[in-house]
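Novice: So I've got this file, protein36.cif, and it contains mmCIF, C-alpha atoms:
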data_final
loop_
_atom_site.label_atom_id
_atom_site.label_comp_id
_atom_site.auth_asym_id
_atom_site.auth_seq_id
_atom_site.Cartn_x
_atom_site.Cartn_y
_atom_site.Cartn_z
CA MET L 1 149.01 163.76 34.45
CA THR L 2 152.22 161.78 34.86
CA ASP L 3 152.46 158.29 36.33
CA ALA L 4 154.25 159.72 39.35
CA ALA L 5 151.39 162.10 40.01
CA LEU L 6 148.84 159.33 39.64
CA SER L 7 150.71 157.17 42.13
CA THR L 8 150.41 159.90 44.77
CA ILE L 9 146.58 160.01 44.61
CA PRO L 10 145.24 158.24 47.72
CA VAL L 11 142.84 155.38 47.24
CA ILE L 12 139.75 156.05 49.35
CA GLU L 13 138.00 152.88 50.51
CA THR L 14 134.49 153.00 51.86
CA ALA L 15 133.56 151.52 55.23
CA GLU L 16 131.62 148.76 53.45
CA GLU L 17 134.69 147.74 51.44
CA LEU L 18 136.82 147.60 54.61
CA GLU L 19 134.19 145.52 56.41
CA SER L 20 134.96 141.85 56.99
CA PRO L 21 132.80 139.29 55.14
CA SER L 22 131.31 137.97 58.38
CA ARG L 23 130.33 141.43 59.61
CA ARG L 24 128.92 142.29 56.19
CA ALA L 25 126.80 139.11 56.20
CA LEU L 26 125.59 139.85 59.73
CA ARG L 27 124.64 143.40 58.77
CA ARG L 28 122.67 142.14 55.79
CA LEU L 29 120.97 139.48 57.91
CA VAL L 30 119.86 142.00 60.54
CA LYS L 31 118.20 144.10 57.82
CA ARG L 32 115.91 141.20 56.90
CA LYS L 33 112.98 141.35 59.31
CA GLY L 34 111.73 137.87 58.47
CA ALA L 35 115.08 136.30 59.33
CA VAL L 36 115.32 138.24 62.57
CA LEU L 37 111.79 137.19 63.54
CA GLY L 38 112.60 133.58 62.74
CA PHE L 39 115.77 133.76 64.82
CA ILE L 40 113.87 135.18 67.80
CA VAL L 41 111.21 132.47 67.66
CA LEU L 42 113.85 129.76 67.37
CA ALA L 43 115.77 131.24 70.28
CA ILE L 44 112.62 131.09 72.41
CA PHE L 45 112.04 127.43 71.56
CA ILE L 46 115.69 126.57 72.19
CA VAL L 47 115.56 128.23 75.61
CA LEU L 48 112.34 126.38 76.40
CA ALA L 49 113.93 123.08 75.37
CA LEU L 50 117.13 123.65 77.35
CA LEU L 51 115.36 124.91 80.47
CA ALA L 52 112.34 122.61 80.29
CA PRO L 53 112.78 121.17 83.83
CA LEU L 54 112.81 124.72 85.22
CA LEU L 55 110.10 126.28 83.05
CA ALA L 56 107.58 123.46 82.70
CA PRO L 57 104.85 123.74 85.35
CA TYR L 58 104.20 119.98 85.71
CA ASP L 59 105.70 116.55 85.18
CA PRO L 60 105.35 115.73 81.45
CA ILE L 61 104.41 112.08 82.04
CA ALA L 62 102.35 112.43 85.25
CA THR L 63 98.74 111.33 84.67
CA SER L 64 95.60 112.28 86.54
CA TRP L 65 92.20 110.68 85.92
CA THR L 66 90.47 113.69 87.46
CA LEU L 67 91.96 116.03 84.84
CA VAL L 68 91.21 114.11 81.65
CA ARG L 69 90.72 116.43 78.63
CA LYS L 70 90.19 119.58 80.64
CA PRO L 71 90.02 122.78 78.53
CA PRO L 72 92.57 125.59 78.94
CA SER L 73 92.36 127.26 82.33
CA ALA L 74 94.42 129.27 84.80
CA LEU L 75 96.02 126.06 86.13
CA HIS L 76 96.55 124.43 82.72
CA TRP L 77 97.06 127.14 80.11
CA PHE L 78 96.96 124.73 77.15
CA GLY L 79 94.51 122.28 78.72
CA THR L 80 95.13 118.59 79.47
CA ASP L 81 95.21 115.49 77.26
CA ASP L 82 93.36 112.19 77.32
CA LEU L 83 95.43 110.97 80.28
CA GLY L 84 95.21 114.17 82.31
CA ARG L 85 98.73 115.36 81.44
CA ASP L 86 99.43 119.07 81.07
CA VAL L 87 99.64 119.94 77.36
CA LEU L 88 101.84 123.01 77.90
CA THR L 89 104.41 120.91 79.75
CA ARG L 90 104.42 118.27 77.04
CA VAL L 91 104.78 120.90 74.30
CA ILE L 92 107.80 122.36 76.10
CA TYR L 93 109.43 118.95 76.54
CA GLY L 94 108.45 117.99 73.01
CA ALA L 95 110.60 120.84 71.72
CA ARG L 96 113.61 118.89 72.97
CA ALA L 97 112.82 115.88 70.79
CA SER L 98 112.02 117.91 67.67
CA LEU L 99 114.99 120.32 67.83
CA LEU L 100 117.38 117.53 68.78
CA ALA L 101 116.13 115.35 65.94
CA GLY L 102 116.48 118.20 63.45
CA ALA L 103 120.01 119.16 64.52
CA ILE L 104 121.45 115.66 64.89
CA SER L 105 119.89 114.20 61.75
CA ILE L 106 121.20 117.06 59.61
CA GLY L 107 124.55 116.76 61.38
CA ILE L 108 124.66 113.12 60.26
CA ALA L 109 123.75 114.15 56.71
CA LEU L 110 126.52 116.78 56.68
CA ALA L 111 129.11 114.41 58.15
CA VAL L 112 128.42 111.83 55.45
CA GLY L 113 127.31 113.93 52.50
CA VAL L 114 129.98 116.66 52.48
CA PRO L 115 133.03 114.32 52.29
CA LEU L 116 131.35 112.22 49.60
CA GLY L 117 130.41 115.33 47.64
CA LEU L 118 133.94 116.73 47.91
CA LEU L 119 135.43 113.44 46.77
CA SER L 120 132.97 113.12 43.90
CA GLY L 121 133.31 116.68 42.66
CA TYR L 122 137.08 116.96 43.01
CA ARG L 123 138.25 113.56 41.80
CA GLY L 124 135.69 112.91 39.07
CA GLY L 125 135.95 109.83 36.90
CA PHE L 126 134.69 106.46 38.13
CA ILE L 127 134.36 107.62 41.75
CA ASP L 128 132.18 110.53 40.69
CA ALA L 129 130.00 108.29 38.54
CA LEU L 130 129.56 105.72 41.32
CA ILE L 131 128.65 108.27 44.02
CA SER L 132 126.37 110.19 41.64
CA ARG L 133 124.42 107.09 40.64
CA MET L 134 123.95 106.05 44.26
CA THR L 135 122.76 109.56 45.06
CA ASP L 136 120.34 109.56 42.14
CA ALA L 137 118.94 106.21 43.24
CA MET L 138 118.21 107.53 46.75
CA LEU L 139 116.72 110.78 45.44
CA ALA L 140 114.39 108.77 43.20
CA CYS L 141 112.53 107.59 46.34
CA PRO L 142 110.37 110.04 48.33
CA SER L 143 112.42 111.06 51.36
CA LEU L 144 109.64 110.49 53.88
CA ILE L 145 108.86 107.01 52.53
CA LEU L 146 112.57 106.18 52.67
CA ALA L 147 112.81 107.49 56.24
CA ILE L 148 109.83 105.36 57.28
CA ALA L 149 111.47 102.30 55.72
CA PHE L 150 114.78 102.91 57.49
CA ALA L 151 113.09 103.67 60.82
CA ALA L 152 110.97 100.52 60.59
CA PHE L 153 114.09 98.46 59.79
CA LEU L 154 116.14 99.96 62.64
CA GLY L 155 113.32 99.85 65.18
CA PRO L 156 111.07 102.49 66.76
CA SER L 157 113.04 105.00 68.85
CA LEU L 158 114.06 108.63 68.64
CA GLY L 159 117.71 107.72 68.02
CA ASN L 160 116.87 105.41 65.13
CA ALA L 161 114.51 108.01 63.71
CA MET L 162 117.34 110.56 63.68
CA ILE L 163 119.61 108.07 61.88
CA ALA L 164 116.89 107.33 59.33
CA ILE L 165 116.24 111.03 58.67
CA GLY L 166 119.98 111.70 58.44
CA ILE L 167 120.44 108.96 55.85
CA THR L 168 117.58 110.24 53.71
CA ALA L 169 118.91 113.83 53.86
CA THR L 170 122.45 112.82 52.87
CA PRO L 171 121.92 112.77 49.06
CA ILE L 172 120.90 116.44 49.10
CA PHE L 173 124.23 117.45 50.61
CA VAL L 174 126.19 115.08 48.36
CA ARG L 175 124.70 116.68 45.27
CA LEU L 176 125.05 120.26 46.56
CA THR L 177 128.67 119.73 47.68
CA ARG L 178 129.57 118.08 44.39
CA ALA L 179 128.10 120.92 42.33
CA GLN L 180 129.77 123.62 44.44
CA THR L 181 133.10 121.79 44.35
CA MET L 182 133.03 121.48 40.57
CA ASN L 183 132.41 125.23 40.32
CA VAL L 184 135.13 126.21 42.77
CA LYS L 185 137.91 123.81 41.72
CA VAL L 186 138.46 125.69 38.44
CA GLU L 187 138.99 129.04 40.16
CA ASP L 188 142.39 130.71 39.88
CA TYR L 189 143.28 130.41 43.57
CA VAL L 190 142.69 126.64 43.45
CA GLU L 191 144.84 126.35 40.33
CA ALA L 192 147.53 128.38 42.09
CA ALA L 193 147.40 126.10 45.13
CA ARG L 194 147.72 123.09 42.85
CA ALA L 195 150.61 124.69 40.93
CA ILE L 196 152.75 125.19 44.04
CA GLY L 197 152.43 121.52 44.93
CA ASN L 198 149.65 121.33 47.54
CA PRO L 199 148.31 117.78 47.89
CA ARG L 200 144.73 117.09 46.83
CA TRP L 201 143.42 116.63 50.36
CA ARG L 202 144.82 119.98 51.42
CA ILE L 203 143.31 121.77 48.43
CA ALA L 204 139.92 120.17 49.12
CA LEU L 205 139.91 120.94 52.85
CA PHE L 206 141.62 124.34 52.99
CA HIS L 207 140.82 125.94 49.63
CA ILE L 208 137.56 124.45 48.36
CA LEU L 209 135.58 123.57 51.50
CA PRO L 210 135.74 127.04 53.16
CA ASN L 211 134.40 128.63 49.98
CA ILE L 212 131.38 126.33 49.71
CA LEU L 213 130.39 126.54 53.39
CA PRO L 214 127.86 129.39 52.90
CA ALA L 215 125.77 127.29 50.51
CA LEU L 216 125.98 124.31 52.87
CA LEU L 217 124.96 126.46 55.84
CA VAL L 218 121.87 127.75 54.04
CA GLN L 219 120.87 124.25 52.92
CA ALA L 220 121.42 122.86 56.42
CA THR L 221 119.15 125.51 57.94
CA LEU L 222 116.39 124.74 55.47
CA SER L 223 116.87 120.99 55.86
CA ILE L 224 116.47 121.15 59.65
CA ALA L 225 112.90 122.33 59.07
CA THR L 226 112.28 119.33 56.82
CA ALA L 227 113.87 117.02 59.38
CA ILE L 228 111.58 118.32 62.13
CA ILE L 229 108.54 117.56 59.98
CA ALA L 230 109.93 114.09 59.25
CA GLU L 231 110.50 113.42 62.96
CA ALA L 232 106.96 114.52 63.75
CA ALA L 233 105.65 112.21 61.01
CA LEU L 234 107.67 109.25 62.31
CA SER L 235 106.52 109.90 65.88
CA PHE L 236 102.94 110.20 64.62
CA LEU L 237 103.31 106.73 63.08
CA GLY L 238 104.90 105.31 66.24
CA LEU L 239 108.41 105.05 64.75
CA GLY L 240 109.99 108.00 66.58
CA GLN L 241 109.88 109.13 70.19
CA GLN L 242 108.13 106.41 72.17
CA PRO L 243 105.37 107.08 74.74
CA PRO L 244 105.13 108.28 77.40
CA ALA L 245 108.03 110.57 76.45
CA PRO L 246 106.54 113.73 74.87
CA SER L 247 106.90 114.46 71.18
CA TRP L 248 104.87 116.81 69.01
CA GLY L 249 104.18 114.05 66.49
CA SER L 250 102.99 111.53 69.10
CA MET L 251 100.85 114.26 70.71
CA LEU L 252 99.11 114.80 67.38
CA ASN L 253 98.61 111.05 67.07
CA ALA L 254 96.88 110.95 70.46
CA ALA L 255 94.81 114.04 69.62
CA GLN L 256 93.31 112.74 66.38
CA ARG L 257 90.60 110.83 68.28
CA PHE L 258 89.48 113.95 70.14
CA LEU L 259 89.51 116.67 67.50
CA THR L 260 85.92 117.64 68.18
CA SER L 261 85.76 117.18 71.95
CA ALA L 262 89.29 118.40 72.85
CA PRO L 263 90.75 120.36 69.92
CA TRP L 264 93.41 121.98 72.10
CA MET L 265 95.24 118.64 72.20
CA ALA L 266 96.04 119.06 68.49
CA ILE L 267 96.17 122.86 68.19
CA TRP L 268 99.19 123.49 70.42
CA PRO L 269 101.63 120.82 69.17
CA GLY L 270 100.55 121.57 65.60
CA LEU L 271 101.14 125.28 66.15
CA ALA L 272 104.57 124.55 67.67
CA ILE L 273 105.59 122.54 64.59
CA PHE L 274 104.30 125.29 62.31
CA LEU L 275 106.18 128.06 64.13
CA VAL L 276 109.50 126.19 64.32
CA VAL L 277 109.43 125.07 60.68
CA LEU L 278 108.41 128.54 59.49
CA SER L 279 111.16 130.13 61.58
CA PHE L 280 113.85 127.86 60.12
CA ASN L 281 112.64 128.65 56.60
CA LEU L 282 112.65 132.39 57.27
CA LEU L 283 116.13 132.18 58.78
CA GLY L 284 117.38 130.07 55.88
CA ASP L 285 116.04 132.54 53.31
CA GLY L 286 117.67 135.38 55.23
CA LEU L 287 121.00 133.58 55.37
CA ARG L 288 120.84 132.87 51.65
CA ASP L 289 120.42 136.57 50.91
CA ALA L 290 122.98 137.68 53.50
CA LEU L 291 125.68 135.27 52.30
CA ASP L 292 125.15 136.05 48.62
CA PRO L 293 128.29 137.95 47.49
CA ARG L 294 126.23 139.75 44.83
CA ALA L 295 123.83 141.22 47.40
CA ARG L 296 124.16 144.83 48.49
#
Mind turning this structure into structure tokens?

Specialist:
Amino acid sequence: MTDAALSTIPVIETAEELESPSRRALRRLVKRKGAVLGFIVLAIFIVLALLAPLLAPYDPIATSWTLVRKPPSALHWFGTDDLGRDVLTRVIYGARASLLAGAISIGIALAVGVPLGLLSGYRGGFIDALISRMTDAMLACPSLILAIAFAAFLGPSLGNAMIAIGITATPIFVRLTRAQTMNVKVEDYVEAARAIGNPRWRIALFHILPNILPALLVQATLSIATAIIAEAALSFLGLGQQPPAPSWGSMLNAAQRFLTSAPWMAIWPGLAIFLVVLSFNLLGDGLRDALDPRAR
């Protein structure tokens, strides 16, 4: 067969090959039942947090000495706590503190860690060595202990707890961004961008960063779950959300004295933490598989 005849043969592309990367990732994600279940549970908690004033049946900080530690009933589905406050209402409002702490603290970690990782991985040399040693020093300390130290130094409040958690999560994103940048910067399209005279900042922002975003997105999703646990731990220790504002961690702290007489005080906030953290992990695992270019 001549070259002319070969050139006339049409190239048939499948629908999957013509599909955009975002649609392909979404299709793969929908096929993973665990990720879909996690997304649905998270969506429910987000709606509860956003619409808490409309959905909560009672005032989250209103006390009643006639309703102290009442078991679940038709009026109080999750029972009441040691001050007569409705546990269901406080769980709903507590979702605000936990989800907000998870999102903002990881946002802080991304805002600080990604630029440092890009700079370290792309420039190399002394800058890379300096940032890497600082990152190693922070990773050498247990993240929760480091968060407690920062929160105690800054002062007990939800805002300071989010800053403390964000600082302790930053080294993870510095190291991940650095490793991804070092892998991507030797690719042909980056070399081509450098050869035609693009400045370093443009190559880093427009050629390297978009290609490492999937890995950062997966890590951010998984890290939010860790941040929620850290916020609950700080609130449990009195370094996070301050009473009487509701927080799942502070609710568990109040419930520890009544585990035998009023177990519902600990069951519901503990179950809420478990479901949210599990859902973020399921969604993160699903995103990792969906965004993997080698997956089919």

Novice: To one decimal place in Å, what is the distance between atom CA of L:Val276 and atom CA of L:Ala49?

Specialist: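 One can read the atom CA of L:Val276 to atom CA of L:Ala49 distance as 12.3 Å.
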
Novice: Residues at most 10 Å from L:Ser143, counting only C-alpha atoms, excluding those fewer than 3 positions away in the same chain, as a list in words?

Specialist: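 Neighbouring residues, sequence-local ones excluded: Met138, Leu139, Ala140, Leu146, Ala147, Ile148, Ala149, Ala164, Ile165, Ile167, Thr168, Ala169, Pro171, Thr226 and Ala230 of chain L.
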
Novice: What would the file look like if the residues just selected were written as a PDB file, keeping the file's coordinate frame with C-alpha atoms?

Specialist:
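Output below, filename again.pdb:
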ATOM      1  CA  MET L 138     118.210 107.530  46.750  1.00  0.00           C
ATOM      2  CA  LEU L 139     116.720 110.780  45.440  1.00  0.00           C
ATOM      3  CA  ALA L 140     114.390 108.770  43.200  1.00  0.00           C
ATOM      4  CA  LEU L 146     112.570 106.180  52.670  1.00  0.00           C
ATOM      5  CA  ALA L 147     112.810 107.490  56.240  1.00  0.00           C
ATOM      6  CA  ILE L 148     109.830 105.360  57.280  1.00  0.00           C
ATOM      7  CA  ALA L 149     111.470 102.300  55.720  1.00  0.00           C
ATOM      8  CA  ALA L 164     116.890 107.330  59.330  1.00  0.00           C
ATOM      9  CA  ILE L 165     116.240 111.030  58.670  1.00  0.00           C
ATOM     10  CA  ILE L 167     120.440 108.960  55.850  1.00  0.00           C
ATOM     11  CA  THR L 168     117.580 110.240  53.710  1.00  0.00           C
ATOM     12  CA  ALA L 169     118.910 113.830  53.860  1.00  0.00           C
ATOM     13  CA  PRO L 171     121.920 112.770  49.060  1.00  0.00           C
ATOM     14  CA  THR L 226     112.280 119.330  56.820  1.00  0.00           C
ATOM     15  CA  ALA L 230     109.930 114.090  59.250  1.00  0.00           C
TER      16      ALA L 230
END

Novice: Find the residues near stretch 189-193 of chain L: any atom within 8 Å, counting all atoms listed in the file, skip ones fewer than 3 places away on the same chain, and give them as a VMD selection string.

Specialist: chain L and resid 184 to 186 196 to 198 203 207 to 208

Novice: Quick one: of L:Pro246, L:Gly38, L:Leu234, L:Ala220, who's nearest to L:Ala62, counting all atoms listed in the file?

Specialist: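 Looking at the shortest contact to L:Ala62, the residue is L:Pro246.
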
Novice: Quick one, how far is atom CA of L:Tyr122 from atom CA of L:Leu209?

Specialist: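 Atom-to-atom, atom CA of L:Tyr122 and atom CA of L:Leu209 are spaced 10.9 Å apart.
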
Novice: Written as a PyMOL selection string, which residues does the PyMOL selection byres ((chain L and resi 81-86) around 9) give for the file shown?

Specialist: chain L and resi 57-70+76-80+87-91+251+254-255+258+262+264-265

Novice: Could you please determine the separation between atom CA of L:Arg32 and atom CA of L:Gly286 in Å, to one decimal place?

Specialist: 6.3 Å

Novice: Translate the PyMOL selection byres ((chain L and resi 182) around 10), as applied to the file shown, into an explicit residue set as a ChimeraX atom specification.

Specialist: /L:117-118,120-124,177-181,183-187,208

Novice: Which one is closest to L:Leu271: L:Leu252, L:Leu259, L:Leu29, L:Ile46? Count all atoms listed in the file.

Specialist: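 The closest residue to L:Leu271 is L:Leu252.
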
Novice: With distances taken over only C-alpha atoms, which of L:Trp201, L:Phe280, L:Phe236, L:Tyr93 is nearest to L:Ala52?

Specialist: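 Answer, going by the shortest atom-to-atom distance: L:Tyr93.
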
Novice: With distances taken over all atoms listed in the file, which of L:Pro214, L:Gly102, L:Gly113, L:Pro72 is nearest to L:Phe173?

Specialist: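 Result for the nearest residue to L:Phe173: L:Gly113.
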
Novice: Apply the PyMOL selection byres ((chain L and resi 96) around 12) to the displayed file and report the matching residues as an MDAnalysis selection string.

Specialist: chainID L and resid 45:53 89:95 97:104 158 228 231 241 245:248 272

Novice: Write out the residues from the selection above, keeping C-alpha atoms, as a tab-separated table (two decimals), in the frame of the given file.

Specialist:
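Result written to part-v9.tsv:
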chain	number	residue	atom	x	y	z
L	45	PHE	CA	112.04	127.43	71.56
L	46	ILE	CA	115.69	126.57	72.19
L	47	VAL	CA	115.56	128.23	75.61
L	48	LEU	CA	112.34	126.38	76.40
L	49	ALA	CA	113.93	123.08	75.37
L	50	LEU	CA	117.13	123.65	77.35
L	51	LEU	CA	115.36	124.91	80.47
L	52	ALA	CA	112.34	122.61	80.29
L	53	PRO	CA	112.78	121.17	83.83
L	89	THR	CA	104.41	120.91	79.75
L	90	ARG	CA	104.42	118.27	77.04
L	91	VAL	CA	104.78	120.90	74.30
L	92	ILE	CA	107.80	122.36	76.10
L	93	TYR	CA	109.43	118.95	76.54
L	94	GLY	CA	108.45	117.99	73.01
L	95	ALA	CA	110.60	120.84	71.72
L	97	ALA	CA	112.82	115.88	70.79
L	98	SER	CA	112.02	117.91	67.67
L	99	LEU	CA	114.99	120.32	67.83
L	100	LEU	CA	117.38	117.53	68.78
L	101	ALA	CA	116.13	115.35	65.94
L	102	GLY	CA	116.48	118.20	63.45
L	103	ALA	CA	120.01	119.16	64.52
L	104	ILE	CA	121.45	115.66	64.89
L	158	LEU	CA	114.06	108.63	68.64
L	228	ILE	CA	111.58	118.32	62.13
L	231	GLU	CA	110.50	113.42	62.96
L	241	GLN	CA	109.88	109.13	70.19
L	245	ALA	CA	108.03	110.57	76.45
L	246	PRO	CA	106.54	113.73	74.87
L	247	SER	CA	106.90	114.46	71.18
L	248	TRP	CA	104.87	116.81	69.01
L	272	ALA	CA	104.57	124.55	67.67

Novice: Of the candidates L:Arg175, L:Leu42, L:Ala151, L:Ala215, which shows the shortest atom-to-atom distance to L:Ile273, using only C-alpha atoms?

Specialist: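 Among the listed residues, L:Leu42 lies closest to L:Ile273.
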
Novice: I'd like to know which of L:Val277, L:Leu37, L:Leu283, L:Ile172 is closest to L:Ala232, using all atoms listed in the file.

Specialist: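 Checking each candidate against L:Ala232, we get L:Val277 as the closest.
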
Novice: Since fewer atoms than expected are present, regenerate N, CA, C and O atoms for stretch 189-208 of chain L and write them as a JSON list (two decimals), in the coordinates of the input.

Specialist:
[["chain", "number", "residue", "atom", "x", "y", "z"],
["L", 189, "TYR", "N", 142.55, 130.66, 42.33],
["L", 189, "TYR", "CA", 143.28, 130.41, 43.57],
["L", 189, "TYR", "C", 143.45, 128.90, 43.82],
["L", 189, "TYR", "O", 144.43, 128.49, 44.44],
["L", 190, "VAL", "N", 142.52, 128.09, 43.34],
["L", 190, "VAL", "CA", 142.69, 126.64, 43.45],
["L", 190, "VAL", "C", 143.77, 126.16, 42.49],
["L", 190, "VAL", "O", 144.61, 125.31, 42.85],
["L", 191, "GLU", "N", 143.78, 126.70, 41.28],
["L", 191, "GLU", "CA", 144.84, 126.35, 40.33],
["L", 191, "GLU", "C", 146.21, 126.78, 40.86],
["L", 191, "GLU", "O", 147.21, 126.06, 40.68],
["L", 192, "ALA", "N", 146.27, 127.93, 41.52],
["L", 192, "ALA", "CA", 147.53, 128.38, 42.09],
["L", 192, "ALA", "C", 147.99, 127.45, 43.22],
["L", 192, "ALA", "O", 149.18, 127.13, 43.33],
["L", 193, "ALA", "N", 147.05, 127.03, 44.05],
["L", 193, "ALA", "CA", 147.40, 126.10, 45.13],
["L", 193, "ALA", "C", 147.89, 124.78, 44.57],
["L", 193, "ALA", "O", 148.82, 124.15, 45.11],
["L", 194, "ARG", "N", 147.28, 124.33, 43.48],
["L", 194, "ARG", "CA", 147.72, 123.09, 42.85],
["L", 194, "ARG", "C", 149.09, 123.27, 42.20],
["L", 194, "ARG", "O", 149.94, 122.36, 42.22],
["L", 195, "ALA", "N", 149.35, 124.45, 41.64],
["L", 195, "ALA", "CA", 150.61, 124.69, 40.93],
["L", 195, "ALA", "C", 151.81, 124.71, 41.87],
["L", 195, "ALA", "O", 152.93, 124.32, 41.48],
["L", 196, "ILE", "N", 151.62, 125.14, 43.11],
["L", 196, "ILE", "CA", 152.75, 125.19, 44.04],
["L", 196, "ILE", "C", 152.95, 123.88, 44.78],
["L", 196, "ILE", "O", 153.78, 123.79, 45.69],
["L", 197, "GLY", "N", 152.17, 122.85, 44.40],
["L", 197, "GLY", "CA", 152.43, 121.52, 44.93],
["L", 197, "GLY", "C", 151.61, 121.08, 46.12],
["L", 197, "GLY", "O", 151.96, 120.10, 46.78],
["L", 198, "ASN", "N", 150.50, 121.78, 46.43],
["L", 198, "ASN", "CA", 149.65, 121.33, 47.54],
["L", 198, "ASN", "C", 149.02, 119.99, 47.20],
["L", 198, "ASN", "O", 148.55, 119.78, 46.08],
["L", 199, "PRO", "N", 148.98, 119.07, 48.15],
["L", 199, "PRO", "CA", 148.31, 117.78, 47.89],
["L", 199, "PRO", "C", 146.80, 117.98, 47.72],
["L", 199, "PRO", "O", 146.23, 118.98, 48.15],
["L", 200, "ARG", "N", 146.17, 116.98, 47.13],
["L", 200, "ARG", "CA", 144.73, 117.09, 46.83],
["L", 200, "ARG", "C", 143.89, 117.28, 48.09],
["L", 200, "ARG", "O", 142.94, 118.06, 48.10],
["L", 201, "TRP", "N", 144.23, 116.54, 49.15],
["L", 201, "TRP", "CA", 143.42, 116.63, 50.36],
["L", 201, "TRP", "C", 143.50, 118.03, 50.97],
["L", 201, "TRP", "O", 142.52, 118.54, 51.50],
["L", 202, "ARG", "N", 144.67, 118.64, 50.87],
["L", 202, "ARG", "CA", 144.82, 119.98, 51.42],
["L", 202, "ARG", "C", 144.04, 121.01, 50.60],
["L", 202, "ARG", "O", 143.42, 121.93, 51.16],
["L", 203, "ILE", "N", 144.06, 120.86, 49.28],
["L", 203, "ILE", "CA", 143.31, 121.77, 48.43],
["L", 203, "ILE", "C", 141.81, 121.64, 48.72],
["L", 203, "ILE", "O", 141.09, 122.64, 48.81],
["L", 204, "ALA", "N", 141.35, 120.39, 48.88],
["L", 204, "ALA", "CA", 139.92, 120.17, 49.12],
["L", 204, "ALA", "C", 139.48, 120.74, 50.46],
["L", 204, "ALA", "O", 138.43, 121.37, 50.57],
["L", 205, "LEU", "N", 140.30, 120.55, 51.50],
["L", 205, "LEU", "CA", 139.91, 120.94, 52.85],
["L", 205, "LEU", "C", 140.15, 122.41, 53.14],
["L", 205, "LEU", "O", 139.36, 123.04, 53.87],
["L", 206, "PHE", "N", 141.23, 122.98, 52.61],
["L", 206, "PHE", "CA", 141.62, 124.34, 52.99],
["L", 206, "PHE", "C", 141.35, 125.39, 51.92],
["L", 206, "PHE", "O", 141.45, 126.59, 52.20],
["L", 207, "HIS", "N", 141.06, 124.97, 50.69],
["L", 207, "HIS", "CA", 140.82, 125.94, 49.63],
["L", 207, "HIS", "C", 139.42, 125.84, 49.05],
["L", 207, "HIS", "O", 138.83, 126.87, 48.68],
["L", 208, "ILE", "N", 138.90, 124.62, 48.94],
["L", 208, "ILE", "CA", 137.56, 124.45, 48.36],
["L", 208, "ILE", "C", 136.48, 124.49, 49.42],
["L", 208, "ILE", "O", 135.50, 125.23, 49.30]]
